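Here is data.txt, consisting of compact mmCIF, C-alpha atoms:
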# COMPACT_ATOMS: atom_id res chain seq x y z
CA MET F 57 23.76 26.61 14.46
CA ASN F 58 23.99 23.67 16.81
CA TYR F 59 20.26 23.98 17.35
CA MET F 60 19.47 23.76 13.63
CA LEU F 61 21.87 20.87 13.18
CA ASN F 62 20.24 18.97 16.01
CA ILE F 63 16.77 19.36 14.52
CA SER F 64 17.85 18.37 11.00
CA LEU F 65 19.67 15.35 12.39
CA ARG F 66 16.55 14.24 14.26
CA PHE F 67 14.39 14.90 11.21
CA PHE F 68 16.58 12.53 9.22
CA LEU F 69 16.79 9.97 12.02
CA PHE F 70 13.01 9.75 12.48
CA TRP F 71 12.49 9.58 8.74
CA VAL F 72 14.96 6.69 8.36
CA MET F 73 13.49 4.81 11.31
CA GLN F 74 9.91 5.19 10.06
CA VAL F 75 10.51 4.43 6.39
CA LEU F 76 13.11 1.69 6.57
CA ILE F 77 12.15 -0.06 9.82
CA PHE F 78 8.65 0.62 11.13
CA ASN F 79 6.89 0.80 7.76
CA GLN F 80 8.28 -2.66 6.97
CA LEU F 81 6.90 -4.28 10.12
CA GLU F 82 3.39 -5.46 9.52
CA PHE F 83 1.59 -7.34 12.26
CA GLY F 84 -2.01 -7.28 11.10
CA PHE F 85 -4.88 -6.68 13.60
CA GLY F 86 -4.71 -3.04 12.56
CA ILE F 87 -1.32 -2.38 14.14
CA HIS F 88 0.68 0.32 12.36
CA MET F 89 3.64 1.57 14.33
CA MET F 90 4.16 5.27 13.74
CA ILE F 91 6.98 6.79 15.74
CA TYR F 92 7.60 9.99 13.79
CA PRO F 93 5.05 12.02 15.84
CA LEU F 94 7.72 11.94 18.55
CA PHE F 95 9.80 14.29 16.37
CA ILE F 96 7.09 16.97 16.53
CA MET F 97 6.61 16.33 20.24
CA LEU F 98 10.31 16.81 21.01
CA LEU F 99 10.77 20.10 19.12
CA PRO F 100 11.80 22.80 21.62
CA PHE F 101 9.24 24.87 23.54
CA ASP F 102 10.29 28.18 21.99
CA ILE F 103 9.93 27.07 18.36
CA GLY F 104 7.74 29.32 16.23
CA ASP F 105 4.24 28.14 15.35
CA PHE F 106 4.84 28.46 11.63
CA THR F 107 8.12 26.55 11.78
CA LEU F 108 6.43 23.85 13.82
CA MET F 109 3.61 23.36 11.36
CA PHE F 110 5.91 23.55 8.37
CA LEU F 111 8.24 20.90 9.85
CA GLY F 112 5.23 18.66 10.50
CA PHE F 113 4.04 19.04 6.94
CA ALA F 114 7.54 18.46 5.53
CA LEU F 115 8.33 15.34 7.54
CA GLY F 116 4.90 13.92 6.72
CA LEU F 117 5.37 14.55 3.02
CA THR F 118 8.84 12.97 2.89
CA ILE F 119 7.45 9.87 4.59
CA ASP F 120 4.52 9.89 2.14
CA ALA F 121 6.93 9.90 -0.78
CA PHE F 122 8.29 6.59 0.44
CA SER F 123 5.12 4.80 1.41
CA ASP F 124 2.71 5.65 -1.44
CA THR F 125 0.24 7.42 0.80
CA PHE F 126 0.38 10.73 -1.07
CA GLY F 127 -0.29 13.32 1.64
CA LEU F 128 -1.90 11.15 4.31
CA HIS F 129 1.03 11.30 6.73
CA ALA F 130 1.50 15.00 5.95
CA SER F 131 -2.11 15.76 6.79
CA SER F 132 -2.13 13.85 10.09
CA LEU F 133 1.25 15.17 11.24
CA LEU F 134 0.13 18.71 10.46
CA MET F 135 -3.01 18.04 12.49
CA MET F 136 -0.83 16.95 15.37
CA ALA F 137 1.44 20.01 15.08
CA GLY F 138 -1.61 22.26 15.20
CA PHE F 139 -2.95 20.56 18.32
CA ARG F 140 0.50 20.64 19.96
CA ILE F 141 0.23 24.44 20.07
CA ILE F 142 -3.20 24.25 21.70
CA LEU F 143 -2.42 21.44 24.15
CA PHE F 144 0.89 22.93 25.27
CA LYS F 145 -0.99 26.08 26.22
CA ALA F 146 -3.74 24.12 27.96
CA PHE F 147 -1.36 21.96 29.99
CA SER F 148 1.19 24.62 30.94
CA GLN F 149 2.06 24.99 34.60
CA ARG F 150 1.73 28.23 36.58
CA GLU F 151 4.75 29.87 35.01
CA ALA F 152 5.73 29.74 31.34
CA TYR F 153 7.74 26.82 29.96
CA ASP F 154 11.47 26.96 30.57
CA PRO F 155 13.03 27.26 27.09
CA LEU F 156 16.09 25.35 28.26
CA LYS F 157 14.04 22.25 28.95
CA GLU F 158 12.76 19.95 26.25
CA PRO F 159 9.23 18.55 26.17
CA SER F 160 10.28 15.01 27.04
CA LEU F 161 9.53 12.53 29.78
CA PHE F 162 12.71 13.34 31.69
CA ASP F 163 12.33 17.11 31.79
CA MET F 164 8.60 17.48 32.25
CA GLY F 165 7.73 14.44 34.35
CA PRO F 166 5.80 11.33 33.41
CA ARG F 167 2.34 12.71 34.18
CA TRP F 168 2.63 15.72 31.89
CA PHE F 169 4.29 13.68 29.13
CA VAL F 170 1.78 10.83 29.13
CA THR F 171 -1.21 13.18 29.04
CA VAL F 172 0.09 15.49 26.34
CA TYR F 173 1.87 12.96 24.13
CA GLY F 174 -0.94 10.44 24.60
CA SER F 175 -3.61 12.88 23.44
CA LEU F 176 -1.47 14.11 20.55
CA LEU F 177 -0.89 10.52 19.40
CA LEU F 178 -4.61 9.86 19.70
CA ILE F 179 -5.40 12.85 17.48
CA HIS F 180 -2.71 11.88 14.97
CA HIS F 181 -3.67 8.20 14.72
CA PHE F 182 -7.41 8.81 14.70
CA TRP F 183 -7.12 11.38 11.92
CA PHE F 184 -4.81 9.08 9.96
CA PHE F 185 -7.16 6.10 10.01
CA LEU F 186 -10.26 8.25 9.60
CA ILE F 187 -8.92 9.71 6.33
CA GLU F 188 -7.43 6.42 5.16
CA ILE F 189 -10.55 4.30 5.68
CA PHE F 190 -13.10 7.12 5.26
CA ARG F 191 -16.28 5.18 5.91
CA ILE F 192 -18.65 5.84 8.78
CA ASN F 193 -19.97 2.27 8.87
CA GLU F 194 -16.45 1.04 9.60
CA LEU F 195 -16.04 3.21 12.67
CA MET F 196 -15.28 0.19 14.86
CA TRP F 197 -12.42 -0.80 12.55
CA ILE F 198 -11.09 2.78 12.64
CA LEU F 199 -11.17 2.75 16.44
CA GLN F 200 -9.55 -0.68 16.65
CA ASN F 201 -6.78 0.49 14.31
CA THR F 202 -6.30 3.65 16.36
CA PHE F 203 -6.08 2.01 19.77
CA MET F 204 -4.01 -1.01 18.77
CA SER F 205 -1.53 1.25 16.98
CA ILE F 206 -1.34 3.76 19.85
CA ILE F 207 -0.32 1.07 22.33
CA PHE F 208 2.59 0.04 20.12
CA SER F 209 3.55 3.53 18.91
CA PHE F 210 3.62 4.83 22.47
CA SER F 211 5.75 2.00 23.86
CA VAL F 212 8.26 2.20 21.04
CA SER F 213 8.35 6.00 21.38
CA LEU F 214 9.32 5.59 25.03
CA LEU F 215 12.19 3.30 24.06
CA ILE F 216 13.44 5.72 21.41
CA LEU F 217 13.12 8.61 23.83
CA THR F 218 15.35 6.78 26.29
CA LEU F 219 17.92 6.25 23.56
CA ILE F 220 18.11 9.79 22.18
CA SER F 221 17.35 12.00 25.15
CA ARG F 222 20.15 14.10 26.64
CA LYS F 223 19.00 13.52 30.21
CA SER F 224 18.96 9.75 30.08
CA ARG F 225 22.40 9.69 28.49
CA ALA F 226 23.86 11.81 31.29
CA LYS F 227 22.80 9.30 33.94
CA MET J 181 -1.63 31.20 11.82
CA PHE J 182 -4.84 29.27 11.43
CA LEU J 183 -4.91 30.19 7.77
CA PHE J 184 -1.44 28.70 7.31
CA PHE J 185 -2.61 25.52 9.02
CA ALA J 186 -5.74 25.33 6.87
CA PHE J 187 -3.75 25.99 3.71
CA LEU J 188 -1.24 23.18 4.35
CA GLN J 189 -4.04 20.85 5.43
CA ILE J 190 -5.92 21.47 2.18
CA VAL J 191 -2.75 20.90 0.16
CA ALA J 192 -2.12 17.57 1.92
CA LEU J 193 -5.68 16.31 1.62
CA SER J 194 -6.12 17.30 -2.00
CA LEU J 195 -2.82 15.59 -2.80
CA TYR J 196 -4.13 12.44 -1.13
CA ILE J 197 -7.49 12.50 -2.88
CA THR J 198 -6.20 13.24 -6.39
CA PHE J 199 -3.53 10.60 -6.01
CA LEU J 200 -6.04 7.86 -5.32
CA SER J 201 -7.56 8.42 -8.74
CA PHE J 202 -4.68 9.63 -10.87
CA PRO J 203 -0.97 10.07 -10.12
CA ARG J 204 -0.13 13.66 -10.99
CA PHE J 205 3.07 14.28 -9.06
CA GLN J 206 5.53 11.58 -9.97
CA PHE J 207 8.13 12.66 -7.39
CA LEU J 208 5.80 11.96 -4.49
CA THR J 209 5.53 8.23 -5.13
CA SER J 210 8.00 5.53 -4.24
CA ALA J 211 8.74 5.19 -7.98
CA ASN J 212 10.82 8.38 -7.93
CA ALA J 213 14.54 8.10 -8.52
CA ILE J 214 15.65 8.61 -4.90
CA SER J 215 13.19 6.35 -3.12
CA GLY J 216 13.41 3.77 -5.87
CA GLN J 217 17.19 3.68 -5.38
CA ILE J 218 16.97 3.45 -1.59
CA TYR J 219 14.41 0.65 -1.76
CA SER J 220 16.60 -1.21 -4.27
CA TRP J 221 19.50 -1.09 -1.80
CA GLU J 222 17.27 -2.31 0.96
CA HIS J 223 15.91 -5.06 -1.26
CA ASP J 224 19.45 -6.13 -2.19
CA LEU J 225 20.05 -6.67 1.51
CA THR J 226 16.82 -8.46 2.39
CA LYS J 227 15.98 -10.43 -0.75
CA HIS J 228 18.14 -13.36 0.25
CA PHE J 229 16.08 -14.08 3.34
CA ASN J 230 13.46 -15.91 1.27
CA LEU J 231 15.84 -17.28 -1.33
CA SER J 232 15.15 -20.99 -0.89
CA ASP J 233 11.38 -20.47 -0.91
CA GLU J 234 11.64 -18.34 -4.03
CA ASN J 235 13.80 -20.93 -5.75
CA LEU J 236 11.29 -23.63 -4.93
CA LYS J 237 8.47 -21.58 -6.43
CA LEU J 238 10.43 -20.99 -9.64
CA GLN J 239 11.32 -24.67 -9.81
CA GLU J 240 7.67 -25.67 -9.51
CA GLU J 241 6.74 -23.26 -12.26
CA ASN J 242 9.51 -24.68 -14.45
CA ILE J 243 8.26 -28.23 -13.88
CA ALA J 244 4.74 -27.21 -14.89
CA LEU J 245 5.99 -25.49 -18.01
CA ARG J 246 8.36 -28.32 -18.90
CA ALA J 247 5.45 -30.75 -18.81
CA GLN J 248 3.86 -28.80 -21.63
CA LEU J 249 6.87 -28.97 -23.92
CA PRO J 250 6.47 -31.14 -27.03
CA LYS J 251 9.43 -33.21 -25.82
CA SER J 252 7.55 -34.49 -22.79
CA LEU J 253 4.39 -35.34 -24.65
CA PHE J 254 3.96 -38.90 -25.91
CA LYS J 255 2.95 -38.91 -29.52
CA LEU J 256 -0.33 -40.85 -29.94
CA ASN J 257 -0.95 -40.00 -33.52
CA ASN J 258 2.10 -39.99 -35.72
CA ALA J 259 0.32 -38.20 -38.51
CA THR J 260 0.19 -34.83 -36.73
CA ILE J 261 3.40 -32.92 -36.70
CA LYS J 262 3.73 -29.63 -34.93
CA ILE J 263 4.98 -27.02 -37.34
CA ASN J 264 5.54 -23.34 -36.94
CA ASP J 265 2.40 -22.05 -38.60
CA SER J 266 0.47 -18.84 -38.85
CA VAL J 267 -2.56 -20.07 -36.92
CA TYR J 268 -1.12 -18.76 -33.67
CA ARG J 269 0.11 -15.26 -33.07
CA GLN J 270 1.77 -13.98 -29.99
CA GLN J 271 -0.68 -11.82 -28.01
CA TYR J 272 0.97 -11.45 -24.63
CA GLU J 273 4.58 -10.78 -23.72
CA TYR J 274 5.93 -10.89 -20.20
CA ILE J 275 8.51 -8.61 -18.57
CA PRO J 276 10.10 -10.12 -15.46
CA GLY J 277 10.71 -7.97 -12.38
CA GLU J 278 11.07 -7.95 -8.61
CA VAL J 279 9.01 -6.33 -5.88
CA ILE J 280 11.33 -4.04 -3.92
CA ASN J 281 8.83 -2.50 -1.50
CA SER J 282 5.35 -3.53 -0.48
CA THR J 283 2.72 -3.16 2.21
CA VAL J 284 -0.22 -5.44 2.93
CA THR J 285 -1.94 -3.99 5.99
CA LYS J 286 -3.06 -0.60 4.72
CA ARG J 287 -6.41 0.16 3.18
CA ASN J 288 -4.80 0.68 -0.24
CA ASN J 289 -1.61 -1.29 -0.77
CA TYR J 290 0.86 -0.42 -3.50
CA PHE J 291 3.95 -2.44 -4.49
CA THR J 292 7.09 -0.81 -5.91
CA ILE J 293 8.82 -2.90 -8.59
CA ASN J 294 12.28 -2.52 -10.09
CA ILE J 295 11.29 -2.22 -13.75
CA GLY J 296 9.96 0.89 -15.45
CA GLU J 297 9.41 2.70 -18.72
CA SER J 298 12.87 1.83 -20.02
CA HIS J 299 11.88 -1.85 -19.78
CA GLY J 300 8.62 -1.20 -21.61
CA VAL J 301 6.28 -0.94 -18.64
CA LYS J 302 3.32 1.39 -19.11
CA ARG J 303 0.37 2.51 -16.99
CA LEU J 304 -2.56 0.06 -16.79
CA MET J 305 -0.56 -3.06 -17.67
CA GLY J 306 -1.37 -6.17 -15.68
CA VAL J 307 0.99 -7.77 -13.17
CA PHE J 308 1.02 -11.39 -12.04
CA SER J 309 3.28 -13.84 -10.22
CA PRO J 310 3.74 -17.60 -10.68
CA ASN J 311 0.94 -18.16 -8.14
CA GLY J 312 -1.64 -15.64 -9.19
CA VAL J 313 -2.73 -12.16 -10.09
CA VAL J 314 -0.93 -9.25 -8.38
CA GLY J 315 -2.40 -6.02 -9.72
CA VAL J 316 -2.27 -3.27 -12.31
CA ILE J 317 0.50 -0.73 -13.00
CA HIS J 318 -0.54 2.55 -11.39
CA SER J 319 2.35 4.82 -12.36
CA THR J 320 5.82 4.52 -13.82
CA SER J 321 9.17 6.28 -13.85
CA ASP J 322 12.25 5.46 -15.92
CA HIS J 323 13.41 2.50 -13.86
CA TYR J 324 10.66 1.82 -11.32
CA SER J 325 6.90 1.40 -11.30
CA ILE J 326 4.13 1.27 -8.75
CA VAL J 327 1.63 -1.55 -8.85
CA LYS J 328 -1.87 -0.98 -7.57
CA SER J 329 -2.22 -4.40 -5.97
CA VAL J 330 -5.34 -6.53 -5.59
CA LEU J 331 -5.17 -5.43 -1.96
CA THR J 332 -6.78 -2.05 -2.76
CA LYS J 333 -10.34 -0.90 -2.29
CA ASP J 334 -11.37 -0.47 -5.93
CA ILE J 335 -9.18 -2.85 -7.89
CA ASN J 336 -12.20 -4.26 -9.85
CA ILE J 337 -10.55 -7.02 -11.88
CA ASP J 338 -13.07 -9.02 -13.89
CA VAL J 339 -12.95 -12.68 -12.89
CA THR J 340 -14.87 -15.85 -13.61
CA ILE J 341 -15.71 -18.70 -11.26
CA GLU J 342 -14.90 -22.06 -12.80
CA PRO J 343 -16.35 -24.49 -13.74
CA ILE J 344 -19.69 -22.61 -13.72
CA GLY J 345 -18.31 -19.75 -15.75
CA LEU J 346 -19.96 -16.87 -13.88
CA PHE J 347 -18.54 -13.37 -14.22
CA GLY J 348 -17.95 -11.04 -11.31
CA LEU J 349 -15.72 -8.23 -10.07
CA LEU J 350 -12.88 -8.76 -7.63
CA LYS J 351 -12.84 -6.41 -4.60
CA TRP J 352 -11.00 -6.20 -1.30
CA ASP J 353 -12.55 -5.18 2.00
CA GLY J 354 -9.29 -4.02 3.55
CA ARG J 355 -9.10 -6.56 6.37
CA HIS J 356 -7.05 -9.65 5.62
CA PRO J 357 -4.27 -9.87 3.01
CA ALA J 358 -5.20 -13.48 2.21
CA ARG J 359 -8.89 -12.96 1.44
CA GLY J 360 -10.79 -11.06 -1.25
CA ASN J 361 -14.41 -10.67 -2.31
CA ILE J 362 -16.31 -11.07 -5.56
CA THR J 363 -19.42 -9.00 -6.21
CA GLY J 364 -22.05 -9.07 -8.91
CA ILE J 365 -22.97 -12.77 -8.87
CA SER J 366 -26.67 -13.49 -8.42
CA ASN J 367 -27.65 -15.92 -5.68
CA ASP J 368 -29.83 -18.26 -7.72
CA LEU J 369 -26.84 -20.47 -8.44
CA LYS J 370 -24.92 -22.55 -5.95
CA ILE J 371 -21.23 -21.78 -5.70
CA PRO J 372 -19.33 -24.87 -4.52
CA ARG J 373 -16.56 -24.25 -2.00
CA GLY J 374 -13.13 -24.64 -3.51
CA SER J 375 -14.16 -23.55 -7.01
CA LYS J 376 -11.31 -21.92 -8.87
CA VAL J 377 -11.41 -18.20 -9.54
CA LEU J 378 -9.67 -17.17 -12.78
CA THR J 379 -9.28 -13.91 -14.67
CA ARG J 380 -11.84 -13.34 -17.39
CA GLY J 381 -9.49 -11.46 -19.69
CA GLY J 382 -12.19 -9.09 -20.86
CA SER J 383 -10.37 -5.80 -20.55
CA GLY J 384 -7.21 -7.01 -22.26
CA ILE J 385 -5.13 -6.27 -19.17
CA PHE J 386 -4.85 -9.91 -18.12
CA PRO J 387 -4.89 -12.96 -20.35
CA LYS J 388 -7.82 -15.29 -19.84
CA GLY J 389 -7.46 -17.96 -17.20
CA LEU J 390 -4.83 -16.60 -14.80
CA LEU J 391 -5.34 -18.00 -11.32
CA VAL J 392 -6.68 -15.58 -8.69
CA GLY J 393 -7.73 -17.88 -5.85
CA THR J 394 -10.32 -20.36 -4.64
CA VAL J 395 -13.83 -19.79 -3.31
CA GLU J 396 -14.00 -20.01 0.47
CA GLY J 397 -17.73 -19.44 0.86
CA ALA J 398 -20.76 -17.58 -0.46
CA TYR J 399 -22.87 -15.55 1.94
CA ALA J 400 -26.27 -14.00 1.34
CA ILE J 401 -26.55 -10.19 1.38
CA GLU J 402 -29.70 -9.02 3.08
CA GLY J 403 -32.16 -7.44 0.66
CA GLU J 404 -30.18 -8.18 -2.47
CA ALA J 405 -30.27 -11.05 -4.92
CA LEU J 406 -26.48 -11.29 -4.91
CA TRP J 407 -23.91 -13.46 -3.19
CA ASP J 408 -21.10 -11.98 -1.17
CA ILE J 409 -18.39 -14.41 -2.21
CA VAL J 410 -15.23 -14.68 -0.12
CA ILE J 411 -12.16 -16.10 -1.84
CA THR J 412 -8.70 -17.09 -0.65
CA TYR J 413 -5.95 -15.64 -2.80
CA SER J 414 -3.59 -18.18 -4.31
CA GLU J 415 -0.62 -15.84 -3.91
CA GLU J 416 0.87 -15.02 -0.52
CA TYR J 417 1.17 -11.24 -0.91
CA ARG J 418 3.04 -10.82 2.36
CA SER J 419 6.17 -12.48 0.94
CA ILE J 420 5.84 -11.73 -2.75
CA GLN J 421 9.07 -11.11 -4.72
CA ARG J 422 9.10 -12.25 -8.34
CA ILE J 423 6.49 -10.81 -10.68
CA TYR J 424 5.81 -10.48 -14.41
CA VAL J 425 4.31 -7.48 -16.17
CA ILE J 426 1.95 -8.34 -19.01
CA LYS J 427 2.30 -6.55 -22.33
CA ASN J 428 -0.73 -7.07 -24.52
CA LEU J 429 0.41 -6.75 -28.14
CA MET J 430 -3.17 -6.45 -29.35
CA HIS J 431 -4.32 -3.90 -26.81
CA ASN J 432 -4.68 -1.08 -29.34
CA GLU J 433 -6.69 -3.26 -31.65
CA GLN J 434 -9.16 -4.15 -28.92
CA GLU J 435 -9.40 -0.55 -27.76
CA GLU J 436 -10.12 0.69 -31.25
CA ILE J 437 -12.89 -1.78 -31.93
CA GLU J 438 -14.47 -1.15 -28.52
CA LYS J 439 -14.57 2.57 -29.26
CA LYS J 440 -17.11 1.78 -31.95
CA ILE J 441 -19.70 0.62 -29.41
CA PRO J 442 -22.35 3.37 -29.52
CA GLU J 443 -22.59 5.24 -26.23
CA ASP J 444 -25.70 4.75 -24.14
CA LYS J 445 -27.73 7.91 -24.52
CA ASN J 446 -30.07 7.20 -21.62
CA PRO J 447 -28.11 5.47 -18.88
CA ARG J 448 -30.20 4.09 -16.04
Written form, structure tokens:
Amino acid sequence: MNYMLNISLRFFLFWVMQVLIFNQLEFGFGIHMMIYPLFIMLLPFDIGDFTLMFLGFALGLTIDAFSDTFGLHASSLLMMAGFRIILFKAFSQREAYDPLKEPSLFDMGPRWFVTVYGSLLLIHHFWFFLIEIFRINELMWILQNTFMSIIFSFSVSLLILTLISRKSRAK
Amino acid sequence: MFLFFAFLQIVALSLYITFLSFPRFQFLTSANAISGQIYSWEHDLTKHFNLSDENLKLQEENIALRAQLPKSLFKLNNATIKINDSVYRQQYEYIPGEVINSTVTKRNNYFTINIGESHGVKRLMGVFSPNGVVGVIHSTSDHYSIVKSVLTKDINIDVTIEPIGLFGLLKWDGRHPARGNITGISNDLKIPRGSKVLTRGGSGIFPKGLLVGTVEGAYAIEGEALWDIVITYSEEYRSIQRIYVIKNLMHNEQEEIEKKIPEDKNPR
């Protein structure tokens, strides 16, 4: 019960932050801050694959409904959810993941978090701009968008993580 | 599991692709009742930030309009008296509204406005602001509408470059919200910098002569006899608030007569 409540609360929190704050900030130079991938990243280790992908699709679609992108966020977040399953398997340590831990910086260590979350963000952002721009001759612009946005998305994600994580609050 | 992934992915992508051409699912746009309401609340909070600038803009527009009133014209010839006659007929009506949500840095930028079907807004009506053209209505709900702004890939508004009077199509390359492009103008004519770009009014969406921007430069395209013309928009889309929707009272008439053009049997 508590578990479900926690996830729904985060779902709502990330949605509000993305739609009402980060979608309104526009810097130019191809910077689009997208912090909602952190929601998918922070879902517990023992969550089912179907639930994971469905939550990705649902959060993406609700954000789409508010930013006139009609399925673009849903598609890229689903992409990220799919790759989370693969990457979590690839980067697992010798024993299985401890279901009591959460996949955050404080539980899993900076090295693991930066590699996994960094690559997931890369997949998410690259797919997003690839579908949005959809022209091969503008590949440089797609890459510039991707890398500029990742720098900002990642830094802001770290800040948010510090604010909402259980571990950092206990300190 | 992979099938589930592929299924959702196809749903998302087909939604995205169909939406770019025609809005089928009203509830997925920011014109739906819930998001429209939330954006109105947000706009109520933030609209006052630009209040003095907005007031100044409205005041300037008022001054320009006031100068055209008969009262402020000096009568040179006492024999002509302006009477209410049947020579003129109203063709365009304007519905005022406010932009409640907008983006400018995406590849296709849509603005949400706080007027909808109940105010008489319909799909494919034109939208402009005191400073220039804004876009075309893309979809509507009861109280909100979405404007496909000039900051989208395939906006294709027909414009003319004054004073030469050349016709071209307005496009946007997706980079800078202050600059647009005009295509379809052959490079045998010189285009002076600073020439005004106005709407042509051919499709009946915009009246003739609405300001779009000024020419910034014309660049040669390799292998083509056309200019790539870069213009600076006259409106600052990053801070746009007040807009008007254009209702063309003679739209049906124009559409009916244009239906009579025989279709080209052998297109190139």
message: So that I can see what lies close to Ser298 of chain J, please list as number ranges by chain the residues with an atom at most 9 Å from it, counting only C-alpha atoms and leaving out residues fewer than 6 positions away in the same chain.
response: J: 321-324
- prompt: Around (-0.8, -0.4, -4.6) in the file's own coordinates, what residues are found within 7 Å if you use all atoms listed in the file, given back as a PyMOL selection string?
  reply: chain J and resi 288-291+326-329+332
Interface, chain J side, toward chain F (6 Å; all atoms listed in the file) as a PDB file with C-alpha atoms, keeping the file's coordinate frame:
ATOM      1  CA  GLN J 189      -4.040  20.850   5.430  1.00  0.00           C
ATOM      2  CA  ALA J 192      -2.120  17.570   1.920  1.00  0.00           C
ATOM      3  CA  LEU J 195      -2.820  15.590  -2.800  1.00  0.00           C
ATOM      4  CA  TYR J 196      -4.130  12.440  -1.130  1.00  0.00           C
ATOM      5  CA  LEU J 208       5.800  11.960  -4.490  1.00  0.00           C
ATOM      6  CA  THR J 209       5.530   8.230  -5.130  1.00  0.00           C
ATOM      7  CA  SER J 210       8.000   5.530  -4.240  1.00  0.00           C
TER       8      SER J 210
END
message: Please list as a ChimeraX atom specification every residue within 7 Å of segment 158-164 of chain F, counting all atoms listed in the file and excluding residues in the same chain fewer than 2 positions away.
response: /F:97-98,100-101,156,166,168-169,223
Would you mind exporting C-alpha atoms of the selected residues as a CSV table (one decimal), in the coordinates of the input?
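So the final result, stored in out_27.csv, reads:
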chain,number,residue,atom,x,y,z
F,97,MET,CA,6.6,16.3,20.2
F,98,LEU,CA,10.3,16.8,21.0
F,100,PRO,CA,11.8,22.8,21.6
F,101,PHE,CA,9.2,24.9,23.5
F,156,LEU,CA,16.1,25.4,28.3
F,166,PRO,CA,5.8,11.3,33.4
F,168,TRP,CA,2.6,15.7,31.9
F,169,PHE,CA,4.3,13.7,29.1
F,223,LYS,CA,19.0,13.5,30.2
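Across the structure, atom CA of Ser366 of chain J and atom CA of Lys333 of chain J are spaced 21.5 Å apart.
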- prompt: Need the neighbours of (-9.6, -6.0, 1.9): which residues are at most 10 Å away, counting only C-alpha atoms, as a ChimeraX atom specification?
  reply: /J:284-289,330-334,351-361
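The spacing separating atom CA of Glu234 of chain J from atom CA of Glu416 of chain J amounts to 11.8 Å.
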Write out as a short mmCIF file (atom, residue, chain, number, x, y, z; two decimals) with C-alpha atoms, in the frame of the given file which residues come within 9 Å of His181 of chain F when counting all atoms listed in the file, dropping same-chain ones fewer than 2 positions away.
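Listed below is the output, out16.cif:
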data_model
loop_
_atom_site.label_atom_id
_atom_site.label_comp_id
_atom_site.auth_asym_id
_atom_site.auth_seq_id
_atom_site.Cartn_x
_atom_site.Cartn_y
_atom_site.Cartn_z
CA MET F 90 4.16 5.27 13.74
CA SER F 132 -2.13 13.85 10.09
CA LEU F 176 -1.47 14.11 20.55
CA LEU F 177 -0.89 10.52 19.40
CA LEU F 178 -4.61 9.86 19.70
CA ILE F 179 -5.40 12.85 17.48
CA TRP F 183 -7.12 11.38 11.92
CA PHE F 184 -4.81 9.08 9.96
CA PHE F 185 -7.16 6.10 10.01
CA LEU F 186 -10.26 8.25 9.60
CA ASN F 201 -6.78 0.49 14.31
CA THR F 202 -6.30 3.65 16.36
CA PHE F 203 -6.08 2.01 19.77
CA SER F 205 -1.53 1.25 16.98
CA ILE F 206 -1.34 3.76 19.85
#
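Taking atom CA of Ile341 of chain J and atom CA of Leu378 of chain J as the two end points, the separation is 6.4 Å.
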field: Residue contacts of segment 367-369 of chain J (12 Å, all atoms listed in the file) excluding same-chain residues fewer than 3 positions away, as a ChimeraX atom specification
entry: /J:341,344-346,363-364,372,398-409
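Omitting Tyr219 of chain J and its sequence neighbours fewer than 3 positions away, and counting only C-alpha atoms, the residues within 9 Å are Leu76 and Phe122 of chain F; Ser210, Ile214, Ser215, Gly216, Glu222, His223, Asp224, Ile280, Asn281 and Thr292 of chain J.
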